[in-house]
Each structure stands twice: as structure tokens, then as C-alpha cells.
file target_21.cif (mmCIF, C-alpha atoms and all ligand atoms)
data_query
loop_
_atom_site.label_atom_id
_atom_site.label_comp_id
_atom_site.auth_asym_id
_atom_site.auth_seq_id
_atom_site.Cartn_x
_atom_site.Cartn_y
_atom_site.Cartn_z
CA MET A 770 41.18 26.20 58.55
CA ARG A 771 44.06 28.18 57.05
CA ASN A 772 47.63 27.07 57.67
CA VAL A 773 49.91 29.63 59.26
CA VAL A 774 52.99 27.51 58.50
CA GLU A 775 53.61 25.02 55.66
CA VAL A 776 56.93 23.19 55.62
CA ASN A 777 57.55 21.12 52.49
CA ASN A 778 60.43 18.67 52.25
CA ILE A 779 63.01 20.86 53.95
CA GLN A 780 66.68 19.96 53.70
CA LYS A 781 69.43 21.78 55.52
CA VAL A 782 73.03 20.90 54.89
CA TYR A 783 75.85 22.72 56.69
CA GLY A 784 79.32 22.99 55.20
CA LYS A 785 80.59 23.79 51.71
CA LYS A 786 81.26 21.43 48.82
CA GLY A 787 84.40 19.43 49.45
CA ASP A 788 84.22 19.86 53.23
CA SER A 789 82.53 17.22 55.32
CA LEU A 790 78.82 17.94 55.13
CA SER A 791 76.45 17.89 58.07
CA ARG A 792 72.83 17.13 57.20
CA ALA A 793 70.81 18.87 59.93
CA LEU A 794 67.36 18.49 58.30
CA ASN A 795 66.58 15.66 55.93
CA GLY A 796 63.18 16.04 54.27
CA ILE A 797 60.84 17.40 56.93
CA SER A 798 57.23 18.27 56.01
CA PHE A 799 54.34 19.44 58.21
CA ASP A 800 51.69 22.15 58.51
CA ILE A 801 50.58 24.30 61.43
CA ALA A 802 46.98 25.43 61.30
CA ASP A 803 46.00 28.91 62.45
CA GLY A 804 45.47 28.89 66.22
CA GLU A 805 47.53 25.79 67.02
CA PHE A 806 50.04 25.46 69.88
CA VAL A 807 52.71 23.09 68.55
CA GLY A 808 55.83 21.80 70.27
CA ILE A 809 59.03 20.47 68.71
CA MET A 810 61.00 17.89 70.68
CA GLY A 811 63.87 15.53 69.96
CA PRO A 812 67.32 14.50 71.18
CA SER A 813 70.21 16.95 71.25
CA GLY A 814 71.52 17.47 67.70
CA SER A 815 68.32 16.21 66.06
CA GLY A 816 67.74 19.52 64.24
CA LYS A 817 65.23 21.38 66.47
CA THR A 818 67.03 24.72 66.50
CA THR A 819 67.82 24.48 62.79
CA LEU A 820 64.15 23.81 62.03
CA LEU A 821 62.96 26.76 64.13
CA ASN A 822 65.60 29.02 62.56
CA VAL A 823 64.54 28.03 59.04
CA ILE A 824 60.87 28.76 59.82
CA SER A 825 61.74 32.01 61.58
CA THR A 826 63.80 33.26 58.60
CA LEU A 827 66.98 33.41 60.72
CA ASP A 828 68.51 30.66 58.56
CA ARG A 829 67.92 29.45 54.99
CA ALA A 830 66.92 25.94 53.96
CA THR A 831 69.22 24.25 51.45
CA ASP A 832 66.17 22.83 49.67
CA GLY A 833 62.41 22.70 50.08
CA ILE A 834 59.73 25.34 50.58
CA VAL A 835 58.58 27.12 53.73
CA GLU A 836 55.44 29.25 53.67
CA VAL A 837 54.53 31.43 56.64
CA ALA A 838 51.25 33.34 56.68
CA GLY A 839 50.77 32.50 53.01
CA LYS A 840 54.17 33.84 51.90
CA ASN A 841 56.98 31.72 50.48
CA ILE A 842 59.88 32.84 52.66
CA THR A 843 62.41 30.65 50.85
CA LYS A 844 62.26 33.03 47.87
CA MET A 845 62.68 36.33 49.74
CA ASN A 846 65.83 38.47 49.70
CA ALA A 847 67.44 39.84 52.88
CA THR A 848 65.49 43.11 52.89
CA GLN A 849 62.16 41.37 52.32
CA LEU A 850 63.00 38.89 55.09
CA ALA A 851 63.80 41.62 57.62
CA ASP A 852 60.53 43.36 56.83
CA PHE A 853 58.56 40.11 56.96
CA ARG A 854 60.15 39.13 60.27
CA ALA A 855 59.32 42.49 61.89
CA LYS A 856 55.67 42.44 60.76
CA THR A 857 54.67 38.80 60.83
CA LEU A 858 56.70 37.02 63.51
CA GLY A 859 57.03 37.26 67.28
CA PHE A 860 60.05 35.79 69.06
CA ILE A 861 60.57 34.56 72.60
CA PHE A 862 64.06 33.34 73.49
CA GLN A 863 65.40 31.50 76.52
CA ASP A 864 67.40 34.45 77.83
CA PHE A 865 64.65 37.11 77.53
CA ASN A 866 66.64 39.40 75.16
CA LEU A 867 65.29 42.55 76.82
CA LEU A 868 67.33 45.74 76.45
CA GLU A 869 68.60 46.69 79.93
CA ASN A 870 68.67 50.42 79.20
CA LEU A 871 65.01 50.55 78.27
CA SER A 872 62.08 50.25 80.68
CA VAL A 873 59.72 47.30 80.36
CA TYR A 874 57.27 49.68 78.63
CA GLU A 875 59.92 50.79 76.12
CA ASN A 876 61.01 47.21 75.49
CA ILE A 877 57.45 46.14 74.68
CA ALA A 878 56.94 49.24 72.52
CA LEU A 879 60.11 48.62 70.49
CA PRO A 880 58.62 46.61 67.57
CA LEU A 881 55.99 49.35 67.09
CA SER A 882 58.48 52.22 67.46
CA LEU A 883 60.59 50.56 64.76
CA GLN A 884 57.51 50.53 62.49
CA GLY A 885 57.08 54.26 63.10
CA GLN A 886 53.67 54.10 64.78
CA SER A 887 52.42 57.14 66.75
CA ALA A 888 53.03 57.41 70.51
CA LYS A 889 49.29 57.30 71.14
CA GLN A 890 48.76 54.13 69.07
CA ILE A 891 51.76 52.54 70.74
CA ARG A 892 50.55 53.35 74.26
CA ALA A 893 47.14 51.73 73.70
CA LYS A 894 48.69 48.55 72.29
CA VAL A 895 51.39 48.25 74.96
CA LEU A 896 48.89 48.69 77.80
CA LYS A 897 46.62 46.07 76.25
CA VAL A 898 49.30 43.34 76.04
CA ALA A 899 50.70 44.30 79.44
CA LYS A 900 47.24 43.67 80.86
CA THR A 901 46.95 40.32 79.04
CA LEU A 902 50.26 39.17 80.52
CA ASP A 903 49.57 40.65 83.95
CA ILE A 904 52.60 42.96 84.07
CA GLU A 905 50.86 46.35 84.17
CA ALA A 906 52.32 47.07 87.62
CA ILE A 907 55.94 46.81 86.44
CA ILE A 908 55.97 48.54 83.05
CA GLU A 909 57.84 51.61 84.32
CA LYS A 910 60.58 49.43 85.84
CA TYR A 911 63.83 48.36 84.18
CA PRO A 912 64.61 44.68 83.45
CA SER A 913 67.16 44.56 86.29
CA GLN A 914 64.42 45.54 88.77
CA VAL A 915 61.99 42.72 87.97
CA SER A 916 61.98 38.92 88.47
CA GLY A 917 62.93 36.35 85.83
CA GLY A 918 59.28 35.40 85.42
CA GLN A 919 58.25 39.03 84.90
CA LYS A 920 61.08 39.50 82.40
CA GLN A 921 59.87 36.55 80.36
CA ARG A 922 56.27 37.80 80.42
CA ALA A 923 57.59 41.20 79.28
CA ALA A 924 59.42 39.41 76.45
CA ALA A 925 56.16 37.62 75.57
CA ALA A 926 54.34 40.97 75.55
CA ARG A 927 56.97 42.36 73.17
CA ALA A 928 56.58 39.30 70.94
CA LEU A 929 52.84 39.87 70.82
CA VAL A 930 52.42 43.64 70.63
CA HIS A 931 52.44 43.89 66.81
CA GLU A 932 49.94 41.01 66.52
CA PRO A 933 52.20 38.57 64.67
CA ALA A 934 50.80 35.65 62.66
CA ILE A 935 52.76 33.26 64.90
CA ILE A 936 54.92 33.29 68.00
CA LEU A 937 58.15 31.29 67.76
CA ALA A 938 59.62 30.32 71.10
CA ASP A 939 62.98 28.61 71.67
CA GLU A 940 63.13 27.07 75.18
CA PRO A 941 61.06 29.94 76.67
CA THR A 942 61.13 28.42 80.16
CA GLY A 943 64.78 27.35 80.02
CA ALA A 944 66.01 30.09 82.37
CA LEU A 945 63.05 30.07 84.77
CA ASP A 946 62.49 28.27 88.07
CA SER A 947 59.54 25.86 88.15
CA LYS A 948 57.05 28.37 89.59
CA ASN A 949 57.84 31.03 87.00
CA ALA A 950 57.96 28.42 84.23
CA LYS A 951 54.46 27.34 85.16
CA SER A 952 53.08 30.88 85.08
CA MET A 953 54.79 31.52 81.72
CA LEU A 954 53.31 28.33 80.25
CA GLU A 955 49.88 29.23 81.61
CA ALA A 956 50.21 32.68 80.02
CA MET A 957 51.11 31.09 76.67
CA GLN A 958 48.23 28.64 76.97
CA GLU A 959 45.82 31.49 77.67
CA LEU A 960 47.09 33.49 74.69
CA ASN A 961 46.55 30.44 72.54
CA GLU A 962 43.12 29.45 73.86
CA LYS A 963 41.53 32.85 74.49
CA GLN A 964 43.17 34.99 71.81
CA ASP A 965 43.84 32.33 69.16
CA VAL A 966 47.54 33.16 69.00
CA SER A 967 49.43 30.49 67.02
CA ILE A 968 52.55 29.28 68.83
CA LEU A 969 55.47 27.08 67.81
CA MET A 970 57.73 26.17 70.73
CA VAL A 971 60.99 24.20 70.81
CA THR A 972 61.60 22.56 74.16
CA HIS A 973 63.49 19.61 75.58
CA ASP A 974 61.34 19.68 78.71
CA ALA A 975 58.38 17.28 78.86
CA TYR A 976 56.53 19.40 81.43
CA SER A 977 56.68 22.49 79.17
CA ALA A 978 55.72 20.42 76.14
CA SER A 979 52.64 19.08 77.94
CA TYR A 980 51.05 22.54 77.53
CA CYS A 981 51.10 22.14 73.72
CA LYS A 982 48.15 20.72 71.78
CA ARG A 983 50.40 18.81 69.39
CA ILE A 984 54.03 17.77 69.47
CA LEU A 985 56.34 16.91 66.59
CA PHE A 986 59.24 14.66 67.55
CA ILE A 987 62.28 14.78 65.34
CA ARG A 988 65.29 12.51 65.10
CA ASP A 989 68.28 12.80 62.76
CA GLY A 990 66.65 15.67 60.90
CA GLN A 991 63.48 13.73 60.14
CA LEU A 992 60.00 13.58 61.60
CA PHE A 993 59.93 10.61 63.98
CA THR A 994 56.30 10.83 65.11
CA GLU A 995 53.67 13.31 66.24
CA ILE A 996 51.09 13.24 69.00
CA HIS A 997 47.95 15.26 69.76
CA ARG A 998 46.66 16.08 73.22
CA THR A 999 43.26 14.46 73.53
CA ASP A 1000 43.20 13.76 77.25
CA SER A 1001 44.38 15.63 80.37
CA ARG A 1002 47.73 17.43 80.44
CA GLN A 1003 49.00 14.86 82.99
CA GLN A 1004 48.16 12.02 80.59
CA PHE A 1005 49.87 13.89 77.74
CA TYR A 1006 52.96 14.38 79.92
CA LYS A 1007 53.25 10.61 80.45
CA GLN A 1008 52.83 10.00 76.73
CA ILE A 1009 55.62 12.50 76.01
CA LEU A 1010 57.98 10.78 78.47
CA ASP A 1011 57.31 7.43 76.80
CA ILE A 1012 58.22 8.76 73.37
CA LEU A 1013 61.34 10.52 74.69
CA ALA A 1014 62.45 7.22 76.24
CA GLU A 1015 61.90 5.50 72.89
CA LEU A 1016 63.96 8.25 71.23
CA GLY A 1017 66.74 7.84 73.77
CA ALA A 1018 66.30 11.45 74.86
CA SER A 1019 65.98 11.30 78.62
CA GLN A 1020 64.98 14.41 80.56
CA ASP A 1021 68.44 15.19 81.91
CA MET A 1022 70.20 14.72 78.55
CA GLU A 1023 68.67 17.66 76.61
P1 LIG A 1101 69.18 20.58 68.21
O1 LIG A 1101 68.69 21.97 68.36
O2 LIG A 1101 68.09 19.55 68.08
O3 LIG A 1101 70.12 20.21 69.31
P2 LIG A 1101 70.61 21.60 65.91
O4 LIG A 1101 69.57 22.08 64.98
O5 LIG A 1101 71.31 22.63 66.72
O6 LIG A 1101 70.01 20.45 66.86
O7 LIG A 1101 71.71 20.79 65.10
C1 LIG A 1101 71.42 19.73 64.18
C2 LIG A 1101 72.69 19.22 63.53
O8 LIG A 1101 73.27 20.22 62.70
C3 LIG A 1101 73.77 18.85 64.52
O9 LIG A 1101 74.45 17.72 64.03
C4 LIG A 1101 74.67 20.05 64.55
O10 LIG A 1101 75.99 19.68 64.89
C5 LIG A 1101 74.59 20.56 63.12
N1 LIG A 1101 74.73 22.02 63.04
C6 LIG A 1101 73.92 22.95 63.62
N2 LIG A 1101 74.32 24.19 63.34
C7 LIG A 1101 75.43 24.07 62.57
C8 LIG A 1101 76.33 25.00 61.93
N3 LIG A 1101 76.17 26.32 62.02
N4 LIG A 1101 77.37 24.48 61.21
C9 LIG A 1101 77.54 23.15 61.09
N5 LIG A 1101 76.73 22.23 61.65
C10 LIG A 1101 75.70 22.66 62.38
MG MG A 1102 69.02 23.40 69.92
#
call {"tool": "encode", "arguments": {"input": "target_21.cif", "output": "C-alpha cells"}}
result
Amino acid sequence: MRNVVEVNNIQKVYGKKGDSLSRALNGISFDIADGEFVGIMGPSGSGKTTLLNVISTLDRATDGIVEVAGKNITKMNATQLADFRAKTLGFIFQDFNLLENLSVYENIALPLSLQGQSAKQIRAKVLKVAKTLDIEAIIEKYPSQVSGGQKQRAAAARALVHEPAIILADEPTGALDSKNAKSMLEAMQELNEKQDVSILMVTHDAYSASYCKRILFIRDGQLFTEIHRTDSRQQFYKQILDILAELGASQDME
């Protein structure tokens, strides 16, 4: 199977020469195969956000190579990165990032409008993802008129509408109550299992992580261990809690 992400010996150092340096990532390597649903966990300050930002082209590695969808993103200039990001990646953030002045329909359509696709093409694609995420009934509403769970499913639809090679999610359930978090995770699981969408999700929450098929645990900017889900989700959840305890990252600590 093809790899959608290849991370090779990534280093990320913050701070300039002479200043005190902060080593956020210290030689991380891993691959994500096409169609995987991978989680990243680790204690606060371990480098999770930095790692996601480096893969998502929002930040640059100090050293090492990152390939996404077969392209070496560490060599691209700013214009190439912006273009690559718009075509190849889908983002879901904790706080939805929907534009309040646009309807749910217009928000989902945005990545396609920016690519200059025709209104007819856009309509077909938006309606298709809205159906997948079960938000057809609210697409004419504005973000302020829908629930948090519906907002996050709208954000997922927007992340998906241009058929990205991978969806990158940073704490996608962080602002949701447990019922909406569950429906969001089930939607992500269905996208992964039924439509083969590749997903990389950072989370500090063991329940959310239990929906992944594989989890990478990081500590001090290095890979600590990784686990695969082979058994039930409940079993996986217990396994995750055990590793978090070993890492000293309890559930209420972040
Ligand atoms: P996590 O998301 O796991 O909490 P981060 O990736 O945010 O961890 O941070 C990893 C380390 O890098 C931390 O020690 C943090 O203080 C440091 N760091 C993160 N961003 C910056 C930055 N912009 N400038 C300096 N240090 C940073
Ligand atoms: Mg973080």
C-alpha cells in the first residue's frame, strides 16, 4: 500500500542562534499508509502540535524530510506550499473555524470557490459531502443557528469537499459535549472505513483516540511507542489509558 505521509528524522528547534534553544521535535520518523486513521498522543509540551503543524505545512522542520502524497514538502517555497495545502490537505480544528457571515453551504463550498470551480460542480460536491455527514437539513443556515456538533460536522464537510489526500485534525472534539463528540468521532470513523479517507488526529483524550486504528505516543519530541487496535474499541481504550499513565499524562492534565 502507498504511504500518504512519510516523516523522516524530523527535528524542530525553536529560537535563534545564541538564544536559548527549545528542541520541540528530536528525530521523529514514521509512515502513514493510505486509508489509515492515526492518532497522536503525548503529555503537554511533548511536541504534538509542532508535529502536526510540520506535516500540515503550517510550520517548517529544522531538519529531516516530510513527504505528503508523494511530494517532498520540506523543499517547497511559500507559494507552492499554499497551493499544495489547498489541493491536498483538509483541516479540522478544535474551534470549527467556520466563517460566521457565510451559510453552512457557503462555508463548505469555500475551498472549491477558491479553486475557481463552476457553481454547478460545486453544488454537486457540497450536497454529496453534506449527505455523508448528515447535515443536509441545515446547509442554508448560518453557523450561529446550528449546534456545536453540527458546526463541527460542517467543518468536516469543508475539510473533505475537495477530496484531500489526508485530513489533519487538531483536537476535533475539544469543544464538543460528550454526545456531539461521539457523533463526530463516528462520522470520522465512517469516512475512514467506508470512504477510505486517511486521517491524522492529535488528541489528548483517550476516548477520542480509541476511534483510531493506530496511535503514536510521543514524549520529549521523540516517538515513545505505538499501538494498533486489534481488539474492541473498549479494550483499546484501556490500553491507551495504561500507556498514558506510564507517560505521566493523566486524562485531566492534557
Ligand atoms: P504539545 O502540542 O504536545 O503540547 P507543542 O508542540 O506545542 O507540544 O510544544 C513542544 C515544545 O516546543 C514545548 O516545549 C513548547 O514550549 C515548545 N514550543 C512550541 N511552539 C513554540 C514556539 N513558537 N516558540 C518556542 N517554543 C515553542
Ligand atoms: Mg498542543
call {"tool": "atom_distance", "arguments": {"input": "target_21.cif", "atom1": "CA of Tyr1006 in chain A", "atom2": "CA of Ser979 in chain A"}}
result
5.1 Å
call {"tool": "residues_near_ligand", "arguments": {"input": "target_21.cif", "ligand": "ligand LIG 1101 (chain A)", "cutoff": "6 Å", "atoms": "all atoms listed in the file", "output": "list in words"}}
result
Tyr783, Ser791, Ala793, Pro812, Ser813, Gly814, Ser815, Gly816, Lys817, Thr818 and Thr819 of chain A
call {"tool": "write_last_selection", "arguments": {"input": "target_21.cif", "atoms": "C-alpha atoms", "output": "PDB file, keeping the file's coordinate frame"}}
result
ATOM      1  CA  TYR A 783      75.850  22.720  56.690  1.00  0.00           C
ATOM      2  CA  SER A 791      76.450  17.890  58.070  1.00  0.00           C
ATOM      3  CA  ALA A 793      70.810  18.870  59.930  1.00  0.00           C
ATOM      4  CA  PRO A 812      67.320  14.500  71.180  1.00  0.00           C
ATOM      5  CA  SER A 813      70.210  16.950  71.250  1.00  0.00           C
ATOM      6  CA  GLY A 814      71.520  17.470  67.700  1.00  0.00           C
ATOM      7  CA  SER A 815      68.320  16.210  66.060  1.00  0.00           C
ATOM      8  CA  GLY A 816      67.740  19.520  64.240  1.00  0.00           C
ATOM      9  CA  LYS A 817      65.230  21.380  66.470  1.00  0.00           C
ATOM     10  CA  THR A 818      67.030  24.720  66.500  1.00  0.00           C
ATOM     11  CA  THR A 819      67.820  24.480  62.790  1.00  0.00           C
TER      12      THR A 819
END
call {"tool": "closest_residue", "arguments": {"input": "target_21.cif", "among": "A:Asp974, A:Glu940, A:Asp989, A:Glu995", "to": "ligand MG 1102 (chain A)", "atoms": "only C-alpha atoms and all ligand atoms"}}
result
A:Glu940
call {"tool": "atom_distance", "arguments": {"input": "target_21.cif", "atom1": "CA of Ala926 in chain A", "atom2": "CA of Ala899 in chain A"}}
result
6.3 Å
call {"tool": "closest_residue", "arguments": {"input": "target_21.cif", "among": "A:Leu896, A:Pro912, A:Ala975, A:Asp903", "to": "Ala1014 in chain A", "atoms": "only C-alpha atoms"}}
result
A:Ala975
call {"tool": "residues_near_point", "arguments": {"input": "target_21.cif", "point": "(63.2, 29.2, 76.6)", "cutoff": "10 Å", "atoms": "all atoms listed in the file", "output": "VMD selection string"}}
result
chain A and resid 861 to 865 921 938 to 945 950 970 to 974 977
call {"tool": "atom_distance", "arguments": {"input": "target_21.cif", "atom1": "CA of Lys920 in chain A", "atom2": "CA of Arg983 in chain A"}}
result
26.7 Å
call {"tool": "residues_around", "arguments": {"input": "target_21.cif", "residues": "range 795-806 of chain A", "least_positions_apart": "3", "cutoff": "6 Å", "atoms": "all atoms listed in the file", "output": "list of chain:residue names"}}
result
A:Arg771, A:Asn772, A:Val773, A:Val774, A:Glu775, A:Val776, A:Asn777, A:Asn778, A:Ile779, A:Gln780, A:Asp965, A:Val966, A:Ser967, A:Ile968, A:Cys981, A:Lys982, A:Gly990, A:Gln991
call {"tool": "decode", "arguments": {"input": "target_21.cif", "residues": "range 973-1017 of chain A", "atoms": "N, CA and C atoms", "output": "PDB file, in the first residue's frame"}}
result
ATOM      1  N   HIS A 973      -5.715  14.681  23.169  1.00  0.00           N
ATOM      2  CA  HIS A 973      -5.200  14.297  24.488  1.00  0.00           C
ATOM      3  C   HIS A 973      -6.223  13.398  25.176  1.00  0.00           C
ATOM      4  N   ASP A 974      -7.334  13.149  24.471  1.00  0.00           N
ATOM      5  CA  ASP A 974      -8.455  12.441  25.076  1.00  0.00           C
ATOM      6  C   ASP A 974      -8.472  10.967  24.672  1.00  0.00           C
ATOM      7  N   ALA A 975      -8.383  10.084  25.666  1.00  0.00           N
ATOM      8  CA  ALA A 975      -8.279   8.642  25.390  1.00  0.00           C
ATOM      9  C   ALA A 975      -9.529   8.108  24.689  1.00  0.00           C
ATOM     10  N   TYR A 976     -10.691   8.653  25.045  1.00  0.00           N
ATOM     11  CA  TYR A 976     -11.932   8.192  24.410  1.00  0.00           C
ATOM     12  C   TYR A 976     -11.894   8.500  22.907  1.00  0.00           C
ATOM     13  N   SER A 977     -11.526   9.742  22.548  1.00  0.00           N
ATOM     14  CA  SER A 977     -11.419  10.109  21.128  1.00  0.00           C
ATOM     15  C   SER A 977     -10.392   9.229  20.423  1.00  0.00           C
ATOM     16  N   ALA A 978      -9.254   9.041  21.080  1.00  0.00           N
ATOM     17  CA  ALA A 978      -8.167   8.269  20.469  1.00  0.00           C
ATOM     18  C   ALA A 978      -8.568   6.816  20.211  1.00  0.00           C
ATOM     19  N   SER A 979      -9.520   6.312  21.015  1.00  0.00           N
ATOM     20  CA  SER A 979      -9.912   4.902  20.870  1.00  0.00           C
ATOM     21  C   SER A 979     -10.600   4.628  19.536  1.00  0.00           C
ATOM     22  N   TYR A 980     -11.003   5.689  18.823  1.00  0.00           N
ATOM     23  CA  TYR A 980     -11.601   5.520  17.490  1.00  0.00           C
ATOM     24  C   TYR A 980     -10.534   5.326  16.404  1.00  0.00           C
ATOM     25  N   CYS A 981      -9.271   5.624  16.736  1.00  0.00           N
ATOM     26  CA  CYS A 981      -8.194   5.464  15.749  1.00  0.00           C
ATOM     27  C   CYS A 981      -7.879   3.981  15.575  1.00  0.00           C
ATOM     28  N   LYS A 982      -7.176   3.676  14.476  1.00  0.00           N
ATOM     29  CA  LYS A 982      -6.707   2.298  14.264  1.00  0.00           C
ATOM     30  C   LYS A 982      -5.298   2.122  14.791  1.00  0.00           C
ATOM     31  N   ARG A 983      -4.585   3.243  14.906  1.00  0.00           N
ATOM     32  CA  ARG A 983      -3.193   3.188  15.386  1.00  0.00           C
ATOM     33  C   ARG A 983      -2.908   4.488  16.106  1.00  0.00           C
ATOM     34  N   ILE A 984      -2.130   4.412  17.166  1.00  0.00           N
ATOM     35  CA  ILE A 984      -1.781   5.626  17.908  1.00  0.00           C
ATOM     36  C   ILE A 984      -0.272   5.706  18.113  1.00  0.00           C
ATOM     37  N   LEU A 985       0.263   6.893  17.811  1.00  0.00           N
ATOM     38  CA  LEU A 985       1.675   7.170  18.078  1.00  0.00           C
ATOM     39  C   LEU A 985       1.739   7.998  19.351  1.00  0.00           C
ATOM     40  N   PHE A 986       2.526   7.544  20.299  1.00  0.00           N
ATOM     41  CA  PHE A 986       2.706   8.294  21.544  1.00  0.00           C
ATOM     42  C   PHE A 986       4.054   8.981  21.484  1.00  0.00           C
ATOM     43  N   ILE A 987       4.060  10.282  21.746  1.00  0.00           N
ATOM     44  CA  ILE A 987       5.346  10.967  21.743  1.00  0.00           C
ATOM     45  C   ILE A 987       5.651  11.559  23.118  1.00  0.00           C
ATOM     46  N   ARG A 988       6.940  11.632  23.390  1.00  0.00           N
ATOM     47  CA  ARG A 988       7.416  12.224  24.643  1.00  0.00           C
ATOM     48  C   ARG A 988       8.731  12.934  24.361  1.00  0.00           C
ATOM     49  N   ASP A 989       8.855  14.153  24.839  1.00  0.00           N
ATOM     50  CA  ASP A 989      10.078  14.950  24.632  1.00  0.00           C
ATOM     51  C   ASP A 989      10.504  14.969  23.160  1.00  0.00           C
ATOM     52  N   GLY A 990       9.543  15.120  22.280  1.00  0.00           N
ATOM     53  CA  GLY A 990       9.869  15.253  20.863  1.00  0.00           C
ATOM     54  C   GLY A 990      10.327  13.984  20.179  1.00  0.00           C
ATOM     55  N   GLN A 991      10.154  12.847  20.861  1.00  0.00           N
ATOM     56  CA  GLN A 991      10.546  11.566  20.264  1.00  0.00           C
ATOM     57  C   GLN A 991       9.400  10.571  20.338  1.00  0.00           C
ATOM     58  N   LEU A 992       9.440   9.586  19.432  1.00  0.00           N
ATOM     59  CA  LEU A 992       8.426   8.534  19.469  1.00  0.00           C
ATOM     60  C   LEU A 992       8.670   7.659  20.701  1.00  0.00           C
ATOM     61  N   PHE A 993       7.653   7.544  21.540  1.00  0.00           N
ATOM     62  CA  PHE A 993       7.775   6.746  22.762  1.00  0.00           C
ATOM     63  C   PHE A 993       7.363   5.305  22.468  1.00  0.00           C
ATOM     64  N   THR A 994       6.176   5.137  21.890  1.00  0.00           N
ATOM     65  CA  THR A 994       5.726   3.812  21.465  1.00  0.00           C
ATOM     66  C   THR A 994       4.547   3.983  20.510  1.00  0.00           C
ATOM     67  N   GLU A 995       4.139   2.902  19.864  1.00  0.00           N
ATOM     68  CA  GLU A 995       2.908   2.966  19.076  1.00  0.00           C
ATOM     69  C   GLU A 995       2.098   1.700  19.280  1.00  0.00           C
ATOM     70  N   ILE A 996       0.774   1.850  19.206  1.00  0.00           N
ATOM     71  CA  ILE A 996      -0.091   0.682  19.365  1.00  0.00           C
ATOM     72  C   ILE A 996      -1.124   0.627  18.241  1.00  0.00           C
ATOM     73  N   HIS A 997      -1.512  -0.590  17.887  1.00  0.00           N
ATOM     74  CA  HIS A 997      -2.528  -0.828  16.856  1.00  0.00           C
ATOM     75  C   HIS A 997      -3.787  -1.365  17.517  1.00  0.00           C
ATOM     76  N   ARG A 998      -4.939  -0.998  16.995  1.00  0.00           N
ATOM     77  CA  ARG A 998      -6.181  -1.569  17.520  1.00  0.00           C
ATOM     78  C   ARG A 998      -6.400  -2.922  16.874  1.00  0.00           C
ATOM     79  N   THR A 999      -6.411  -3.958  17.701  1.00  0.00           N
ATOM     80  CA  THR A 999      -6.622  -5.298  17.162  1.00  0.00           C
ATOM     81  C   THR A 999      -7.917  -5.864  17.722  1.00  0.00           C
ATOM     82  N   ASP A1000      -8.303  -5.340  18.886  1.00  0.00           N
ATOM     83  CA  ASP A1000      -9.450  -5.868  19.616  1.00  0.00           C
ATOM     84  C   ASP A1000     -10.595  -4.856  19.551  1.00  0.00           C
ATOM     85  N   SER A1001     -11.493  -4.901  20.520  1.00  0.00           N
ATOM     86  CA  SER A1001     -12.618  -3.960  20.571  1.00  0.00           C
ATOM     87  C   SER A1001     -12.107  -2.558  20.915  1.00  0.00           C
ATOM     88  N   ARG A1002     -12.950  -1.553  20.650  1.00  0.00           N
ATOM     89  CA  ARG A1002     -12.597  -0.180  20.984  1.00  0.00           C
ATOM     90  C   ARG A1002     -12.438  -0.019  22.501  1.00  0.00           C
ATOM     91  N   GLN A1003     -13.271  -0.711  23.272  1.00  0.00           N
ATOM     92  CA  GLN A1003     -13.206  -0.639  24.739  1.00  0.00           C
ATOM     93  C   GLN A1003     -11.852  -1.147  25.255  1.00  0.00           C
ATOM     94  N   GLN A1004     -11.396  -2.244  24.655  1.00  0.00           N
ATOM     95  CA  GLN A1004     -10.101  -2.827  25.005  1.00  0.00           C
ATOM     96  C   GLN A1004      -8.973  -1.854  24.670  1.00  0.00           C
ATOM     97  N   PHE A1005      -9.091  -1.237  23.494  1.00  0.00           N
ATOM     98  CA  PHE A1005      -8.093  -0.274  23.017  1.00  0.00           C
ATOM     99  C   PHE A1005      -8.028   0.912  23.977  1.00  0.00           C
ATOM    100  N   TYR A1006      -9.210   1.370  24.412  1.00  0.00           N
ATOM    101  CA  TYR A1006      -9.314   2.498  25.339  1.00  0.00           C
ATOM    102  C   TYR A1006      -8.511   2.216  26.613  1.00  0.00           C
ATOM    103  N   LYS A1007      -8.655   1.005  27.155  1.00  0.00           N
ATOM    104  CA  LYS A1007      -7.931   0.627  28.376  1.00  0.00           C
ATOM    105  C   LYS A1007      -6.425   0.624  28.139  1.00  0.00           C
ATOM    106  N   GLN A1008      -6.049   0.108  26.962  1.00  0.00           N
ATOM    107  CA  GLN A1008      -4.630   0.065  26.595  1.00  0.00           C
ATOM    108  C   GLN A1008      -4.055   1.491  26.513  1.00  0.00           C
ATOM    109  N   ILE A1009      -4.852   2.399  25.951  1.00  0.00           N
ATOM    110  CA  ILE A1009      -4.421   3.803  25.831  1.00  0.00           C
ATOM    111  C   ILE A1009      -4.219   4.414  27.219  1.00  0.00           C
ATOM    112  N   LEU A1010      -5.170   4.176  28.121  1.00  0.00           N
ATOM    113  CA  LEU A1010      -5.050   4.724  29.484  1.00  0.00           C
ATOM    114  C   LEU A1010      -3.795   4.212  30.181  1.00  0.00           C
ATOM    115  N   ASP A1011      -3.477   2.937  29.965  1.00  0.00           N
ATOM    116  CA  ASP A1011      -2.272   2.363  30.579  1.00  0.00           C
ATOM    117  C   ASP A1011      -1.018   3.078  30.086  1.00  0.00           C
ATOM    118  N   ILE A1012      -0.949   3.325  28.786  1.00  0.00           N
ATOM    119  CA  ILE A1012       0.252   3.984  28.251  1.00  0.00           C
ATOM    120  C   ILE A1012       0.323   5.431  28.723  1.00  0.00           C
ATOM    121  N   LEU A1013      -0.827   6.105  28.771  1.00  0.00           N
ATOM    122  CA  LEU A1013      -0.826   7.497  29.255  1.00  0.00           C
ATOM    123  C   LEU A1013      -0.344   7.555  30.703  1.00  0.00           C
ATOM    124  N   ALA A1014      -0.739   6.571  31.503  1.00  0.00           N
ATOM    125  CA  ALA A1014      -0.294   6.540  32.905  1.00  0.00           C
ATOM    126  C   ALA A1014       1.225   6.367  32.967  1.00  0.00           C
ATOM    127  N   GLU A1015       1.727   5.499  32.102  1.00  0.00           N
ATOM    128  CA  GLU A1015       3.167   5.246  32.029  1.00  0.00           C
ATOM    129  C   GLU A1015       3.921   6.518  31.611  1.00  0.00           C
ATOM    130  N   LEU A1016       3.264   7.301  30.731  1.00  0.00           N
ATOM    131  CA  LEU A1016       3.861   8.540  30.240  1.00  0.00           C
ATOM    132  C   LEU A1016       3.720   9.677  31.243  1.00  0.00           C
ATOM    133  N   GLY A1017       2.934   9.451  32.269  1.00  0.00           N
ATOM    134  CA  GLY A1017       2.670  10.533  33.223  1.00  0.00           C
ATOM    135  C   GLY A1017       1.736  11.585  32.672  1.00  0.00           C
TER     136      GLY A1017
END
